[in-house]
Amino acid sequence: MAAGDNSGRVPCLNFSVPGPLGNSQPSNSPYALAASHGGSAGGGGGGSQSVTRRSNPQPGPAGLESPGVALGPPPNLMNSLPAAAAVVRPPASAASNMIGNPSNAAMTPATHSSPAAAAVLVYREPVYNWQATKSTVKERFAFLFNNEVLSDVHFLVGKGMGVQRIPAHRFVLAVGSAVFDAMFNGGMATTSTEIELPDVEPAAFLALLKFLYSDEVHIGPETVMTTLYTAKKYAVPALEAHCVEFLKKNLRADNAFMLLTQARLFDEPQLASLCLENIDKNTGDALAAEGFTDIDLDTLVAVLERDTLGVREVHLFGAAVRWAEAEAHRQQLQPTPENKRRVLGKALNLIRFPLMTIEEFAAGPAQSAILMDRQVVSLFLHFTVNPKPRVEFIDRPRCCLRGKECSITRFGQVESRWGYSGTSDRIRFSVNRRIFIVGFGLYGSIHGPTDYQVNIQVRLSNET
C-alpha cells in the first residue's frame, strides 16, 4: 500500500485502453497507479509503490467506488510485477466475463521473459455508465449504432469477400421498419441471432441503420441507388424520400437515362417524369452520354414514343444503332445488322423515318442494312412521289411541347390599319391548366421593312 492510503482496498491499474467494444473510455477508478522508469510497480525487491487517489470517486456497481477496483490484480500479483511497468491482459474467457460482470472478472497470473519486460498483462475496461454522457434519447440511440453494446442480433451483409458482420438491436429496428418488426415479432419471427443479407450492400445497410438510429442521412452519388433499394426493401419511406430528393438535385443530362432506368425499376414515377422532362430539354446531350447505351429496351421504347424529344430523327437513329451494338454484346451476339434489328425489336418502328430529309435517309438508315429492303423502297417512294404512299413508320412531327398549339390575337379582325403611339400594348388571357408560351407575333409598318427595338414582358397574375 502507498503511504497515506489506509482504505485497505486493492489498488487497481489504470490504463487508457479501448473498451470491450472498441470504444476508448476513460477509467472510472478512484485509484491510479503511477509507474515510471524510475519508480516501482510493487513493494517486492525493496522498491516503492506510488499510488494516487482521485478526488470524488464515483460509485460503481455492487457498492464499489469503481468497476476498475474489482478488476485490479491481487496484492501478491502486484508485488510480482517487474519494476518497469505493468500491463494486464486477460484471456478471452476472462474478457467476456468482464463485459457481463466486472466484479467477477478473473485474472491470469502475469508472465514475463525477463525482469525488464514492459508488458505482461492487459485488460479491457468495460464501457460503464456511458448513458450519463448522453443527454438525449437521440444521442443514446446514436451511440448504439453499429455498436456491440446491448446488441442482440448480427447481420452478415454482402457476399463473397465483401461480407461485413454488423451488430444491431431488434427493438430499434422494429420501431423504425415494419419489415424488421415482422421479421422479429411476427407470426414467423426468426430466432436466429445472425441473419444473412447477400443482396444488400454493406454501405447501404449502414446508411439505413444510421437513419433508423439517429435520423441522420448519409448518402452520396456512389451509394444513393443501393440505399434507395435498401430503404424500399425494408419499408422506410422517409429514407426513400431523402434518396429521391438527392437524385432530383443531382439530375443532369449526362445521367438522366441512368436515373430514368432506376426510377422505373424502383417505381418512382415522380423521378421518372423529371428524368423524361430533362431528356426532352437536352435530348442531344442525354443521347451522347455513356449511360444511354446501358438502359433496357423498355426504357428505350418509352423515350422513343415521346412526341417531345428535341432532336432530329437521324440523330435518334444513330443513338438507337449505338444502343443496339451494346445490347448485342450484352446478349453475346455479333453486332451484325440482323442482330441489331433483332435486339431493337419494336423500338425500330418508333423512329420516325418519314421526318428525315431524303439526304439524311440515304446517307444513314438506307445504307445501314438494319431496315429491310421493302422498308427502304417504301420510304424512298414516300420521299419522292406524290401523293405520298403510306408507310409503316410514324410520320407525325415531334414537337418540343405536348398538346394543341393555339394562337390568340388582340383583335378579332383589322379592316386596314391601326395606329401605334409608342405606349405599351398588351394582351391578357386566362387559363385553367398549365401552358407554355412558345412565341409572339408583332405587327409591322405598312411602309416596308423597318428595324424595331421591342421590349416584351410576360407577367403572371394570380387574380381569378
# chains A, B, ... in the order shown; residues from 1 in each chain; ligands from 1

call {"tool": "residues_around", "arguments": {"residues": "Thr308 in chain A", "least_positions_apart": "2", "cutoff": "12 Å", "atoms": "only C-alpha atoms", "output": "PyMOL selection string"}}
result
chain A and resi 276-283+302-306+310-312+396-403

call {"tool": "select_by_dssp", "arguments": {"residues": "range 169-389 of chain A", "states": "alpha helix (DSSP H)", "output": "PyMOL selection string"}}
result
chain A and resi 170-176+178-185+202-214+224-233+237-249+256-265+269-281+283-288+297-304+313-330+337-344+358-363+365-368+373-384

call {"tool": "residues_around", "arguments": {"residues": "Leu173 in chain A", "least_positions_apart": "4", "cutoff": "10 Å", "atoms": "only C-alpha atoms", "output": "ChimeraX atom specification"}}
result
/A:168-169,177-181,183-184,208-209,212-213,234

call {"tool": "atom_distance", "arguments": {"atom1": "CA of Val149 in chain A", "atom2": "CA of Ala182 in chain A"}}
result
23.5 Å

call {"tool": "residues_around", "arguments": {"residues": "range 378-380 of chain A", "least_positions_apart": "4", "cutoff": "12 Å", "atoms": "only C-alpha atoms", "output": "ChimeraX atom specification"}}
result
/A:352-362,365-366,371-374,384-386,388-395

call {"tool": "residues_around", "arguments": {"residues": "Glu201 in chain A", "least_positions_apart": "4", "cutoff": "9 Å", "atoms": "only C-alpha atoms", "output": "list in words"}}
result
Val157, Gly158, Lys159, Gly162, Val163, Leu197, Phe205, Leu206, Thr223, Thr226, Thr227 and Thr230 of chain A

call {"tool": "atom_distance", "arguments": {"atom1": "CA of Leu228 in chain A", "atom2": "CA of Ile166 in chain A"}}
result
19.3 Å

call {"tool": "atom_distance", "arguments": {"atom1": "CA of Asp294 in chain A", "atom2": "CA of Gly160 in chain A"}}
result
25.6 Å

call {"tool": "closest_residue", "arguments": {"among": "A:Val454, A:Val236, A:Ala174, A:Ala286", "to": "Leu259 in chain A", "atoms": "only C-alpha atoms"}}
result
A:Ala286

call {"tool": "residues_around", "arguments": {"residues": "Phe143 in chain A", "least_positions_apart": "6", "cutoff": "10 Å", "atoms": "only C-alpha atoms", "output": "PyMOL selection string"}}
result
chain A and resi 130-131+134+137+149+213-214

call {"tool": "select_by_dssp", "arguments": {"residues": "range 144-382 of chain A", "states": "strand (DSSP E or B)", "output": "PyMOL selection string"}}
result
chain A and resi 153-157+164-168+194-197

call {"tool": "residues_around", "arguments": {"residues": "Tyr229 in chain A", "least_positions_apart": "6", "cutoff": "9 Å", "atoms": "only C-alpha atoms", "output": "list in words"}}
result
Val200, Ala204, Glu240 and Phe266 of chain A

call {"tool": "write_last_selection", "arguments": {"atoms": "C-alpha atoms", "output": "CSV table (one decimal), in the first residue's frame"}}
result
chain,number,residue,atom,x,y,z
A,200,VAL,CA,-27.7,-5.7,-49.8
A,204,ALA,CA,-26.3,1.0,-48.0
A,240,GLU,CA,-36.7,6.7,-49.7
A,266,PHE,CA,-37.9,1.3,-58.2
